[in-house]
file start.txt (compact mmCIF, C-alpha atoms)
# COMPACT_ATOMS: atom_id res chain seq x y z
CA MET A 244 -48.89 -10.90 24.13
CA VAL A 245 -47.16 -7.56 24.67
CA ASN A 246 -47.19 -5.49 21.52
CA LEU A 247 -43.46 -5.61 20.82
CA ARG A 248 -41.68 -2.84 18.98
CA LYS A 249 -41.04 -3.81 15.37
CA PHE A 250 -38.08 -3.13 13.10
CA ALA A 251 -37.48 -4.02 9.48
CA ILE A 252 -34.05 -4.10 7.92
CA ILE A 253 -34.32 -3.98 4.15
CA VAL A 254 -31.07 -5.11 2.59
CA ALA A 255 -30.30 -3.68 -0.83
CA GLY A 256 -26.63 -4.13 -1.49
CA GLY A 257 -27.01 -6.04 -4.75
CA SER A 258 -24.93 -4.95 -7.70
CA GLY A 259 -27.38 -6.30 -10.25
CA SER A 260 -24.62 -8.15 -12.10
CA ARG A 261 -26.98 -10.97 -13.13
CA MET A 262 -29.48 -8.41 -14.40
CA ASN A 263 -27.01 -7.27 -17.10
CA VAL A 264 -27.79 -3.67 -16.21
CA SER A 265 -25.54 -0.90 -14.97
CA ILE A 266 -28.21 0.48 -12.63
CA PRO A 267 -28.26 -1.26 -9.19
CA LYS A 268 -31.21 -3.63 -9.20
CA GLN A 269 -32.85 -2.05 -6.14
CA PHE A 270 -33.34 1.10 -8.27
CA LEU A 271 -34.79 -0.63 -11.34
CA LEU A 272 -38.29 0.53 -12.12
CA LEU A 273 -41.31 -1.68 -11.54
CA GLN A 274 -44.39 0.02 -12.96
CA GLY A 275 -42.39 3.24 -12.99
CA LYS A 276 -41.32 3.05 -9.33
CA PRO A 277 -37.92 1.91 -7.95
CA LEU A 278 -38.06 -1.70 -6.69
CA LEU A 279 -36.84 -0.81 -3.23
CA MET A 280 -39.83 1.45 -2.51
CA TYR A 281 -42.24 -1.49 -2.70
CA SER A 282 -40.81 -3.32 0.32
CA ILE A 283 -40.67 -0.14 2.39
CA GLU A 284 -44.32 0.55 1.59
CA ALA A 285 -45.38 -3.04 2.32
CA PHE A 286 -43.79 -3.06 5.81
CA ASN A 287 -45.21 0.36 6.58
CA GLN A 288 -48.72 -0.75 5.56
CA ALA A 289 -48.50 -4.11 7.34
CA CYS A 290 -47.12 -2.70 10.61
CA PRO A 291 -47.90 0.98 11.09
CA GLY A 292 -45.26 2.56 13.35
CA ILE A 293 -42.57 0.08 12.36
CA SER A 294 -38.97 1.41 12.35
CA LEU A 295 -37.47 0.95 8.90
CA LEU A 296 -33.75 0.64 8.20
CA VAL A 297 -32.63 0.53 4.59
CA VAL A 298 -29.10 -0.76 3.91
CA LEU A 299 -27.44 0.58 0.78
CA PRO A 300 -23.82 0.96 -0.33
CA SER A 301 -22.86 4.47 0.86
CA GLY A 302 -22.04 5.40 -2.72
CA GLN A 303 -25.75 5.01 -3.55
CA PHE A 304 -27.17 7.24 -0.80
CA SER A 305 -27.37 10.35 -2.96
CA THR A 306 -28.97 8.47 -5.88
CA TRP A 307 -31.55 7.04 -3.50
CA LYS A 308 -32.33 10.45 -1.98
CA HIS A 309 -32.72 11.86 -5.45
CA LEU A 310 -35.11 9.02 -6.38
CA CYS A 311 -37.14 9.65 -3.22
CA ASP A 312 -37.49 13.34 -4.16
CA GLN A 313 -38.35 12.49 -7.73
CA HIS A 314 -41.05 9.98 -6.69
CA ALA A 315 -42.30 12.09 -3.75
CA PHE A 316 -41.46 9.12 -1.54
CA VAL A 317 -41.73 10.38 2.03
CA LEU A 318 -42.08 7.23 4.19
CA PRO A 319 -39.60 7.66 7.06
CA HIS A 320 -36.63 5.31 7.04
CA GLN A 321 -33.04 5.32 8.27
CA LEU A 322 -30.26 4.75 5.77
CA VAL A 323 -27.50 2.38 6.89
CA GLU A 324 -24.20 1.88 5.11
CA GLY A 325 -23.75 -1.56 3.51
CA GLY A 326 -20.79 -3.78 4.31
CA GLU A 327 -18.50 -6.07 2.39
CA THR A 328 -21.04 -8.93 2.31
CA ARG A 329 -24.73 -9.27 3.12
CA PHE A 330 -23.69 -10.46 6.62
CA HIS A 331 -21.76 -7.26 7.24
CA SER A 332 -24.62 -5.15 5.88
CA VAL A 333 -27.13 -6.73 8.26
CA LYS A 334 -24.66 -6.39 11.15
CA ASN A 335 -24.32 -2.66 10.47
CA ALA A 336 -28.09 -2.25 10.61
CA LEU A 337 -28.42 -4.31 13.81
CA ALA A 338 -25.92 -1.94 15.45
CA CYS A 339 -28.65 0.73 15.21
CA ILE A 340 -31.19 -1.42 17.11
CA GLY A 341 -31.47 -2.24 20.84
CA ASP A 342 -32.17 -5.62 22.47
CA GLU A 343 -35.95 -5.20 22.66
CA GLY A 344 -38.53 -5.99 20.03
CA LEU A 345 -38.77 -8.00 16.83
CA VAL A 346 -36.56 -7.52 13.79
CA ALA A 347 -37.56 -8.48 10.25
CA ILE A 348 -34.76 -8.80 7.70
CA HIS A 349 -35.91 -8.59 4.10
CA ASP A 350 -34.28 -8.68 0.66
CA GLY A 351 -34.81 -5.38 -1.10
CA ALA A 352 -35.01 -7.43 -4.30
CA ARG A 353 -38.36 -8.95 -3.20
CA PRO A 354 -40.77 -6.13 -4.01
CA LEU A 355 -43.89 -8.32 -4.12
CA ILE A 356 -43.90 -9.20 -0.43
CA SER A 357 -47.51 -9.15 0.79
CA GLU A 358 -48.70 -7.37 3.90
CA SER A 359 -50.34 -10.56 5.09
CA LEU A 360 -47.10 -12.56 4.91
CA ILE A 361 -45.29 -9.79 6.84
CA ARG A 362 -47.96 -9.96 9.56
CA THR A 363 -47.86 -13.76 9.64
CA VAL A 364 -44.10 -14.00 10.22
CA PHE A 365 -44.10 -11.19 12.81
CA LEU A 366 -46.94 -12.86 14.71
CA ALA A 367 -45.26 -16.25 14.73
CA ALA A 368 -41.87 -14.79 15.68
CA GLY A 369 -43.52 -12.96 18.58
CA GLN A 370 -44.77 -16.30 19.88
CA LEU A 371 -41.86 -18.61 18.97
CA GLY A 372 -38.80 -16.35 18.91
CA ASN A 373 -38.31 -16.48 15.16
CA CYS A 374 -40.10 -17.29 11.93
CA ILE A 375 -39.08 -17.50 8.27
CA PRO A 376 -41.23 -18.08 5.14
CA VAL A 377 -40.50 -21.11 2.95
CA ILE A 378 -41.98 -22.63 -0.21
CA PRO A 379 -41.83 -26.15 -1.70
CA LEU A 380 -39.84 -26.99 -4.84
CA ASN A 381 -41.59 -27.52 -8.18
CA GLU A 382 -38.73 -29.44 -9.76
CA SER A 383 -36.60 -32.48 -8.95
CA LEU A 384 -33.57 -31.89 -6.74
CA ARG A 385 -30.20 -33.66 -6.79
CA ILE A 386 -27.32 -33.55 -4.35
CA LEU A 387 -23.72 -33.52 -5.56
CA SER A 388 -21.41 -35.94 -3.83
CA GLY A 389 -17.81 -35.99 -4.98
CA GLU A 390 -17.80 -36.98 -8.63
CA THR A 391 -21.35 -38.31 -8.54
CA ASN A 392 -24.80 -37.08 -7.58
CA ARG A 393 -28.13 -38.54 -6.57
CA LEU A 394 -31.78 -37.67 -6.40
CA VAL A 395 -33.12 -36.47 -3.07
CA ASN A 396 -36.79 -36.32 -2.07
CA ARG A 397 -37.73 -32.75 -2.93
CA TYR A 398 -40.78 -32.96 -0.67
CA ASN A 399 -38.39 -32.96 2.31
CA TYR A 400 -36.85 -29.63 1.24
CA ARG A 401 -37.99 -26.02 1.30
CA ILE A 402 -36.74 -22.92 -0.52
CA VAL A 403 -36.19 -20.04 1.90
CA GLN A 404 -37.63 -16.56 1.35
CA THR A 405 -37.67 -13.35 3.34
CA PRO A 406 -38.72 -11.52 5.54
CA GLN A 407 -37.09 -13.53 8.31
CA VAL A 408 -38.16 -12.28 11.75
CA PHE A 409 -36.28 -12.73 15.03
CA GLN A 410 -36.30 -11.43 18.58
CA ALA A 411 -33.89 -8.50 18.61
CA ALA A 412 -31.67 -9.91 21.37
CA ILE A 413 -31.24 -13.23 19.57
CA ILE A 414 -30.46 -11.82 16.14
CA LYS A 415 -27.98 -9.35 17.63
CA LYS A 416 -26.27 -12.15 19.54
CA ALA A 417 -26.18 -14.25 16.38
CA TYR A 418 -24.56 -11.48 14.39
CA SER A 419 -21.85 -11.01 17.02
CA GLN A 420 -20.36 -14.27 15.70
CA GLU A 421 -17.46 -14.30 13.26
CA TYR A 422 -18.55 -14.29 9.62
CA ARG A 423 -18.72 -17.69 7.88
CA GLU A 424 -19.33 -18.43 4.22
CA SER A 425 -22.18 -20.77 5.18
CA PHE A 426 -24.22 -17.77 6.40
CA THR A 427 -26.37 -17.58 3.26
CA ASP A 428 -29.27 -16.04 5.15
CA ASP A 429 -30.19 -14.77 8.62
CA ALA A 430 -31.77 -18.01 9.80
CA ALA A 431 -28.42 -19.70 9.13
CA VAL A 432 -26.69 -17.22 11.44
CA VAL A 433 -29.26 -17.72 14.22
CA GLU A 434 -29.27 -21.50 13.81
CA THR A 435 -25.54 -21.57 14.58
CA LEU A 436 -26.44 -20.45 18.11
CA GLY A 437 -28.39 -23.68 18.50
CA GLU A 438 -31.79 -22.08 17.99
CA THR A 439 -34.59 -23.98 16.24
CA ILE A 440 -35.89 -22.11 13.21
CA HIS A 441 -39.67 -21.92 12.80
CA LEU A 442 -41.20 -22.05 9.32
CA ALA A 443 -44.28 -20.43 7.85
CA ASP A 444 -45.81 -20.95 4.42
CA GLY A 445 -44.21 -18.42 2.08
CA ASP A 446 -45.66 -17.17 -1.16
CA PRO A 447 -44.45 -18.14 -4.67
CA VAL A 448 -45.34 -14.60 -5.77
CA ASN A 449 -42.76 -13.20 -3.32
CA LEU A 450 -40.03 -13.75 -5.87
CA LYS A 451 -36.48 -12.47 -5.71
CA ILE A 452 -35.58 -10.30 -8.67
CA THR A 453 -32.40 -11.96 -9.92
CA HIS A 454 -32.69 -12.13 -13.69
CA PRO A 455 -34.26 -9.63 -16.14
CA TYR A 456 -37.23 -11.95 -16.66
CA ASP A 457 -38.03 -11.86 -12.95
CA LEU A 458 -38.70 -8.16 -13.39
CA ALA A 459 -40.97 -8.93 -16.33
CA ALA A 460 -42.84 -11.50 -14.26
CA ALA A 461 -43.12 -8.99 -11.41
CA GLU A 462 -44.75 -6.48 -13.76
CA ILE A 463 -47.51 -9.01 -14.42
CA LEU A 464 -47.84 -10.23 -10.85
CA ILE A 465 -48.18 -6.76 -9.43
CA ASN A 466 -51.24 -6.19 -11.60
CA ASP A 467 -52.82 -9.33 -10.17
CA GLN A 468 -52.39 -8.30 -6.56
CA MET B 997 -18.95 -41.92 -32.58
CA VAL B 998 -21.69 -43.56 -34.61
CA ASN B 999 -24.46 -41.13 -35.41
CA LEU B 1000 -27.15 -42.73 -33.28
CA ARG B 1001 -30.80 -42.45 -34.13
CA LYS B 1002 -32.50 -39.83 -31.99
CA PHE B 1003 -35.95 -39.74 -30.43
CA ALA B 1004 -37.67 -37.08 -28.35
CA ILE B 1005 -40.65 -37.80 -26.14
CA ILE B 1006 -42.44 -34.59 -25.31
CA VAL B 1007 -44.69 -35.13 -22.32
CA ALA B 1008 -47.73 -32.88 -22.13
CA GLY B 1009 -50.19 -34.43 -19.76
CA GLY B 1010 -50.54 -31.43 -17.44
CA SER B 1011 -54.01 -30.34 -16.44
CA GLY B 1012 -52.97 -26.74 -15.81
CA SER B 1013 -54.63 -26.71 -12.39
CA ARG B 1014 -52.00 -24.31 -10.96
CA MET B 1015 -52.49 -22.00 -13.94
CA ASN B 1016 -56.09 -21.31 -12.88
CA VAL B 1017 -57.17 -21.81 -16.45
CA SER B 1018 -59.59 -24.30 -17.98
CA ILE B 1019 -57.45 -24.78 -21.10
CA PRO B 1020 -54.69 -27.43 -20.71
CA LYS B 1021 -51.41 -25.55 -20.22
CA GLN B 1022 -49.71 -27.20 -23.21
CA PHE B 1023 -52.26 -25.41 -25.41
CA LEU B 1024 -51.89 -21.96 -23.83
CA LEU B 1025 -50.67 -19.36 -26.27
CA LEU B 1026 -47.18 -17.94 -26.13
CA GLN B 1027 -46.87 -15.12 -28.64
CA GLY B 1028 -50.00 -16.44 -30.28
CA LYS B 1029 -48.75 -20.03 -30.64
CA PRO B 1030 -49.58 -23.04 -28.44
CA LEU B 1031 -46.80 -23.77 -25.90
CA LEU B 1032 -46.35 -27.35 -27.04
CA MET B 1033 -45.33 -26.34 -30.56
CA TYR B 1034 -42.19 -24.59 -29.29
CA SER B 1035 -40.56 -27.77 -27.95
CA ILE B 1036 -41.40 -29.73 -31.09
CA GLU B 1037 -39.83 -27.01 -33.23
CA ALA B 1038 -36.73 -26.77 -31.02
CA PHE B 1039 -36.00 -30.52 -31.22
CA ASN B 1040 -36.63 -30.54 -34.94
CA GLN B 1041 -34.24 -27.61 -35.49
CA ALA B 1042 -31.57 -28.95 -33.13
CA CYS B 1043 -31.59 -32.50 -34.55
CA PRO B 1044 -32.94 -32.69 -38.11
CA GLY B 1045 -34.41 -36.13 -38.73
CA ILE B 1046 -35.24 -36.75 -35.06
CA SER B 1047 -38.33 -38.90 -34.38
CA LEU B 1048 -40.78 -36.93 -32.26
CA LEU B 1049 -43.38 -38.51 -29.97
CA VAL B 1050 -45.88 -36.23 -28.28
CA VAL B 1051 -47.77 -37.61 -25.29
CA LEU B 1052 -51.21 -36.12 -24.67
CA PRO B 1053 -54.33 -37.35 -22.88
CA SER B 1054 -56.34 -39.09 -25.61
CA GLY B 1055 -59.22 -36.70 -24.95
CA GLN B 1056 -57.02 -33.88 -26.23
CA PHE B 1057 -55.98 -35.44 -29.54
CA SER B 1058 -58.70 -33.76 -31.55
CA THR B 1059 -58.07 -30.36 -29.98
CA TRP B 1060 -54.38 -30.70 -30.77
CA LYS B 1061 -55.05 -31.71 -34.38
CA HIS B 1062 -57.37 -28.75 -34.73
CA LEU B 1063 -54.67 -26.43 -33.33
CA CYS B 1064 -52.11 -27.86 -35.76
CA ASP B 1065 -54.46 -27.12 -38.67
CA GLN B 1066 -55.21 -23.67 -37.36
CA HIS B 1067 -51.51 -22.79 -36.96
CA ALA B 1068 -50.42 -24.59 -40.16
CA PHE B 1069 -48.15 -26.69 -37.96
CA VAL B 1070 -46.88 -29.49 -40.14
CA LEU B 1071 -43.77 -30.86 -38.37
CA PRO B 1072 -44.17 -34.64 -38.31
CA HIS B 1073 -44.76 -36.21 -34.89
CA GLN B 1074 -46.46 -39.29 -33.50
CA LEU B 1075 -49.21 -38.82 -30.92
CA VAL B 1076 -49.10 -41.17 -27.93
CA GLU B 1077 -51.86 -41.60 -25.38
CA GLY B 1078 -51.00 -40.33 -21.89
CA GLY B 1079 -51.24 -42.54 -18.82
CA GLU B 1080 -52.40 -42.17 -15.25
CA THR B 1081 -49.17 -40.45 -14.14
CA ARG B 1082 -46.17 -38.94 -15.93
CA PHE B 1083 -44.40 -42.30 -15.44
CA HIS B 1084 -47.15 -44.15 -17.28
CA SER B 1085 -47.19 -41.53 -20.04
CA VAL B 1086 -43.45 -41.92 -20.67
CA LYS B 1087 -43.79 -45.70 -20.54
CA ASN B 1088 -46.47 -45.60 -23.25
CA ALA B 1089 -44.18 -43.55 -25.49
CA LEU B 1090 -41.19 -45.86 -24.88
CA ALA B 1091 -43.32 -48.77 -26.05
CA CYS B 1092 -43.19 -47.17 -29.52
CA ILE B 1093 -39.36 -47.11 -29.58
CA GLY B 1094 -36.83 -49.91 -30.10
CA ASP B 1095 -33.65 -50.62 -28.14
CA GLU B 1096 -31.34 -48.62 -30.43
CA GLY B 1097 -30.53 -44.93 -30.29
CA LEU B 1098 -30.84 -42.06 -27.84
CA VAL B 1099 -34.10 -40.89 -26.27
CA ALA B 1100 -34.69 -37.37 -24.96
CA ILE B 1101 -37.62 -36.91 -22.59
CA HIS B 1102 -38.82 -33.33 -22.29
CA ASP B 1103 -41.57 -31.48 -20.42
CA GLY B 1104 -44.00 -29.95 -22.89
CA ALA B 1105 -44.30 -27.11 -20.37
CA ARG B 1106 -40.72 -25.96 -21.10
CA PRO B 1107 -41.17 -24.09 -24.38
CA LEU B 1108 -37.95 -22.06 -24.09
CA ILE B 1109 -35.58 -24.98 -24.46
CA SER B 1110 -32.66 -23.88 -26.63
CA GLU B 1111 -31.34 -25.84 -29.56
CA SER B 1112 -27.83 -25.64 -28.10
CA LEU B 1113 -28.90 -27.26 -24.82
CA ILE B 1114 -30.66 -30.05 -26.75
CA ARG B 1115 -27.47 -30.70 -28.71
CA THR B 1116 -25.33 -30.59 -25.55
CA VAL B 1117 -27.33 -33.22 -23.68
CA PHE B 1118 -27.62 -35.49 -26.72
CA LEU B 1119 -23.87 -35.29 -27.32
CA ALA B 1120 -23.02 -36.06 -23.69
CA ALA B 1121 -25.56 -38.89 -23.50
CA GLY B 1122 -24.06 -40.41 -26.64
CA GLN B 1123 -20.70 -40.53 -24.90
CA LEU B 1124 -21.74 -41.31 -21.32
CA GLY B 1125 -25.03 -43.19 -21.62
CA ASN B 1126 -27.18 -40.42 -20.21
CA CYS B 1127 -27.19 -36.70 -19.49
CA ILE B 1128 -29.58 -34.30 -17.76
CA PRO B 1129 -29.44 -30.49 -17.46
CA VAL B 1130 -29.30 -28.94 -13.99
CA ILE B 1131 -29.07 -25.42 -12.58
CA PRO B 1132 -27.88 -24.09 -9.19
CA LEU B 1133 -30.26 -22.63 -6.57
CA ASN B 1134 -30.48 -18.86 -6.06
CA GLU B 1135 -32.01 -19.10 -2.61
CA SER B 1136 -31.22 -20.82 0.68
CA LEU B 1137 -32.42 -24.40 1.09
CA ARG B 1138 -33.60 -26.16 4.25
CA ILE B 1139 -34.32 -29.83 4.90
CA LEU B 1140 -37.27 -30.90 7.02
CA SER B 1141 -36.47 -33.49 9.66
CA GLY B 1142 -39.36 -34.61 11.85
CA GLU B 1143 -40.63 -31.56 13.73
CA THR B 1144 -37.52 -29.52 12.98
CA ASN B 1145 -35.52 -28.41 9.99
CA ARG B 1146 -32.03 -27.23 9.20
CA LEU B 1147 -30.08 -25.33 6.60
CA VAL B 1148 -28.24 -27.35 3.99
CA ASN B 1149 -25.46 -26.07 1.74
CA ARG B 1150 -27.34 -25.04 -1.38
CA TYR B 1151 -24.13 -25.10 -3.41
CA ASN B 1152 -24.19 -28.91 -3.09
CA TYR B 1153 -27.62 -29.14 -4.73
CA ARG B 1154 -28.94 -28.74 -8.25
CA ILE B 1155 -32.42 -28.17 -9.64
CA VAL B 1156 -33.23 -30.65 -12.41
CA GLN B 1157 -34.57 -29.59 -15.82
CA THR B 1158 -35.35 -31.39 -19.05
CA PRO B 1159 -34.60 -32.67 -21.71
CA GLN B 1160 -33.12 -35.76 -20.04
CA VAL B 1161 -31.39 -38.01 -22.57
CA PHE B 1162 -30.69 -41.74 -22.23
CA GLN B 1163 -29.62 -44.70 -24.33
CA ALA B 1164 -32.84 -46.29 -25.54
CA ALA B 1165 -32.08 -49.75 -24.08
CA ILE B 1166 -31.37 -48.29 -20.62
CA ILE B 1167 -34.42 -46.05 -20.41
CA LYS B 1168 -36.69 -48.85 -21.62
CA LYS B 1169 -35.24 -51.23 -19.03
CA ALA B 1170 -35.69 -48.55 -16.35
CA TYR B 1171 -39.34 -48.05 -17.25
CA SER B 1172 -40.02 -51.77 -17.05
CA GLN B 1173 -39.79 -51.39 -13.26
CA GLU B 1174 -42.88 -51.05 -11.09
CA TYR B 1175 -44.04 -47.45 -10.59
CA ARG B 1176 -42.85 -45.74 -7.40
CA GLU B 1177 -43.88 -42.35 -6.03
CA SER B 1178 -40.22 -41.36 -5.81
CA PHE B 1179 -40.00 -41.37 -9.62
CA THR B 1180 -40.30 -37.58 -9.95
CA ASP B 1181 -38.34 -37.53 -13.19
CA ASP B 1182 -36.73 -39.90 -15.69
CA ALA B 1183 -33.25 -39.74 -14.16
CA ALA B 1184 -34.80 -41.03 -10.92
CA VAL B 1185 -36.16 -44.07 -12.76
CA VAL B 1186 -32.82 -44.81 -14.42
CA GLU B 1187 -30.88 -44.23 -11.20
CA THR B 1188 -32.87 -47.01 -9.54
CA LEU B 1189 -31.12 -49.44 -11.91
CA GLY B 1190 -27.82 -48.41 -10.33
CA GLU B 1191 -26.79 -46.14 -13.20
CA THR B 1192 -24.77 -42.97 -12.52
CA ILE B 1193 -26.53 -39.88 -13.83
CA HIS B 1194 -24.40 -37.36 -15.74
CA LEU B 1195 -25.09 -33.66 -15.40
CA ALA B 1196 -24.76 -30.78 -17.84
CA ASP B 1197 -25.22 -27.07 -17.16
CA GLY B 1198 -28.87 -26.26 -17.75
CA ASP B 1199 -30.28 -22.85 -18.57
CA PRO B 1200 -32.29 -20.67 -16.18
CA VAL B 1201 -34.27 -19.46 -19.20
CA ASN B 1202 -35.50 -23.05 -19.77
CA LEU B 1203 -38.25 -22.52 -17.23
CA LYS B 1204 -41.20 -24.78 -16.56
CA ILE B 1205 -44.53 -23.04 -17.04
CA THR B 1206 -46.26 -23.76 -13.73
CA HIS B 1207 -47.89 -20.50 -12.65
CA PRO B 1208 -49.54 -17.78 -14.78
CA TYR B 1209 -46.56 -15.47 -14.19
CA ASP B 1210 -44.22 -18.03 -15.74
CA LEU B 1211 -46.11 -17.54 -18.98
CA ALA B 1212 -45.69 -13.78 -18.63
CA ALA B 1213 -41.97 -14.22 -18.04
CA ALA B 1214 -41.78 -16.53 -21.06
CA GLU B 1215 -43.35 -13.84 -23.24
CA ILE B 1216 -40.47 -11.53 -22.35
CA LEU B 1217 -37.75 -14.17 -22.55
CA ILE B 1218 -38.78 -15.33 -25.98
CA ASN B 1219 -38.23 -11.84 -27.32
CA ASP B 1220 -34.68 -11.90 -25.96
CA GLN B 1221 -33.77 -15.15 -27.65

call {"tool": "encode", "arguments": {"input": "start.txt", "output": "C-alpha cells"}}
result
Amino acid sequence: MVNLRKFAIIVAGGSGSRMNVSIPKQFLLLQGKPLLMYSIEAFNQACPGISLLVVLPSGQFSTWKHLCDQHAFVLPHQLVEGGETRFHSVKNALACIGDEGLVAIHDGARPLISESLIRTVFLAAGQLGNCIPVIPLNESLRILSGETNRLVNRYNYRIVQTPQVFQAAIIKKAYSQEYRESFTDDAAVVETLGETIHLADGDPVNLKITHPYDLAAAEILINDQ
Amino acid sequence: MVNLRKFAIIVAGGSGSRMNVSIPKQFLLLQGKPLLMYSIEAFNQACPGISLLVVLPSGQFSTWKHLCDQHAFVLPHQLVEGGETRFHSVKNALACIGDEGLVAIHDGARPLISESLIRTVFLAAGQLGNCIPVIPLNESLRILSGETNRLVNRYNYRIVQTPQVFQAAIIKKAYSQEYRESFTDDAAVVETLGETIHLADGDPVNLKITHPYDLAAAEILINDQ
C-alpha cells in the first residue's frame, strides 16, 4: 500500500458546560498539562510527519498560544477557527486539506487515546476507505417509542469513539452536504453518502471527558498507561 | 397511597474479573469502606424500616461477616445465597419475600446511589407498578446488522441503571419464568410478562464499578456528594 499522507483534525470547541467550570474543558489540566496537548502528542508519536489541525473557537486562540508558551509545547499544528456546531468546525478544518490522503477526526476531549489505536484505525482506513473505533455497552439499553419503551439487545449495539479516519476525498465530499441534526459524528456524515462504515475495537480507556469525574478517572488511568 | 412495605435486594455476585483484582469487587474499599456497605446504608437512610436482602456467593458469607465486624457495620440485613447467574441470585432473594409490598433490586457495584433517587423510584413504582432509572447516552450509537452496521439516533435510547423497583407480586411472577439469556436486568424479566416499564431520570453519578478507573472516579465523586 502506498504510504498515504496523514492528517488529524482535533476538534476542541467544547464549552465545558457539563464540567461546571468556567475554563473551556480542552484547557483543563490533566497531570498539570492542558487536556488538548495529549491528543496532539499522541497523533504525533503514532504517525511521525502527520499534519495536525486543531479547531478552537477563535476567541480561544490567544489563550491556547499562551498555554503553549507556558508549557513549552512546540509540536507544529495549524489552528483552525471553530464553527457554530461541531459539523461546521470539522468543515472549516477540511477546507484546509486537499483530496489526497487519510484524515483522522478526533475529539479534543479524549486525551487518553493510545498510539496503537491511532495506528490501527489509520491502517484499516487505508485499506477499507474508513474506520472508526467502537466499544460494547456494559449496561442494559432501552429504546423509547412514543409513550412507551422496550429493552433492546445491547450486544447488537456499539458506542462510538474517535479518532474516525476517512479517505480525504470521501470525507470532504461528505462535508459538502447540508448540515443535519442527525450528524452526531463524522461517520454519520459519511454514511449519508451511502458508504459502509468499518469498525475497529476501541478502547474503554479512551474516554471522553464530559463530567468532572471523568477528569478524575483520567488522572488515574494516565498513570496506568 | 397506602405506605407499602419496602424491600431491597442488593445483588453482589460479581467476581471482579474486569477489575484485575483477586478480591471480589463488592469488597473493594472505597474511602476505606467495602463498596457493598454504601448501598445498604443508602437504602436504610432513604427508607427507614426497609427490609434489606444482600445476595452473595455462599463462599463469601464468612468474609462479609468478618468485614462487618471489622467496620462495626451493624445495619440489619439478611444474607441470601447467590445463584449461577444474576437471574438465579435475584430469584433466590425473591423466595424470601411475600406477595405484598415494593421490591427494589440494586447492583451492589453501584455504591454512589443517592437517597433521593431511591425515594423517586420507590414513589413512582408505588403509583405505576414499577419504575427504573435511566440516563441518556453521551456518545454516538451504532447497531450491528449482519456484516454491516448503521448509526441510530442516540436520543431515542437510554442506558439502564438500578435500583429497579417493582410490586412484589409482579416481580415474583416474572421470576417464575424460565431463565433466558436476554434477561440482562430485572425490567427485562418483567417486560416479558407484557408489563410496560416506567422510566425515571437516573443519575450519571450512580455509576457501576466495572473497571479499576471506575473506583478511582468513585473516590472523587463521593467527596462531592

call {"tool": "residues_near_point", "arguments": {"input": "start.txt", "point": "(-47.5, -8.8, 3.7)", "cutoff": "7 Å", "atoms": "only C-alpha atoms", "output": "JSON, numbers by chain"}}
result
{"A": [285, 289, 356, 357, 358, 359, 360, 361, 362]}

call {"tool": "residues_around", "arguments": {"input": "start.txt", "residues": "A:Ala338", "least_positions_apart": "6", "cutoff": "12 Å", "atoms": "all atoms listed in the file", "output": "list in words"}}
result
Ile252, Leu296, Val323, Glu324, His331, Ser332, Ala411, Ala412, Ile414, Lys415, Lys416, Tyr418 and Ser419 of chain A

call {"tool": "interface_residues", "arguments": {"input": "start.txt", "of": "chain B", "to": "chain A", "cutoff": "6 Å", "atoms": "all atoms listed in the file", "output": "PyMOL selection string"}}
result
chain B and resi 1136-1140+1152-1156+1209+1212-1213

call {"tool": "residues_around", "arguments": {"input": "start.txt", "residues": "A:Leu310", "least_positions_apart": "5", "cutoff": "9 Å", "atoms": "all atoms listed in the file", "output": "PyMOL selection string"}}
result
chain A and resi 270+277+305+315-316

call {"tool": "atom_distance", "arguments": {"input": "start.txt", "atom1": "atom CA of B:Gly1078", "atom2": "atom CA of B:Pro1053"}}
result
4.6 Å

call {"tool": "atom_distance", "arguments": {"input": "start.txt", "atom1": "atom CA of B:Ile1205", "atom2": "atom CA of B:Tyr1034"}}
result
12.6 Å

call {"tool": "residues_around", "arguments": {"input": "start.txt", "residues": "B:Gln1160", "least_positions_apart": "5", "cutoff": "8 Å", "atoms": "only C-alpha atoms", "output": "list in words"}}
result
Ala1100, Ile1101, His1102, Val1117, Asn1126, Cys1127, Ile1128, Pro1129, Asp1182 and Ala1183 of chain B

call {"tool": "residues_near_point", "arguments": {"input": "start.txt", "point": "(-43.4, -31.6, -25.1)", "cutoff": "7 Å", "atoms": "all atoms listed in the file", "output": "PyMOL selection string"}}
result
chain B and resi 1005-1008+1032+1035-1036+1050+1102-1105

call {"tool": "atom_distance", "arguments": {"input": "start.txt", "atom1": "atom CA of B:Ser1018", "atom2": "atom CA of B:Val1070"}}
result
26.1 Å

call {"tool": "axis_aligned_box", "arguments": {"input": "start.txt", "around": "stretch 1087-1097 of chain B", "padding_each_side": "4 Å", "output": "JSON"}}
result
{"center_x": -38.5, "center_y": -47.1, "center_z": -25.5, "size_x": 23.9, "size_y": 15.1, "size_z": 17.9}
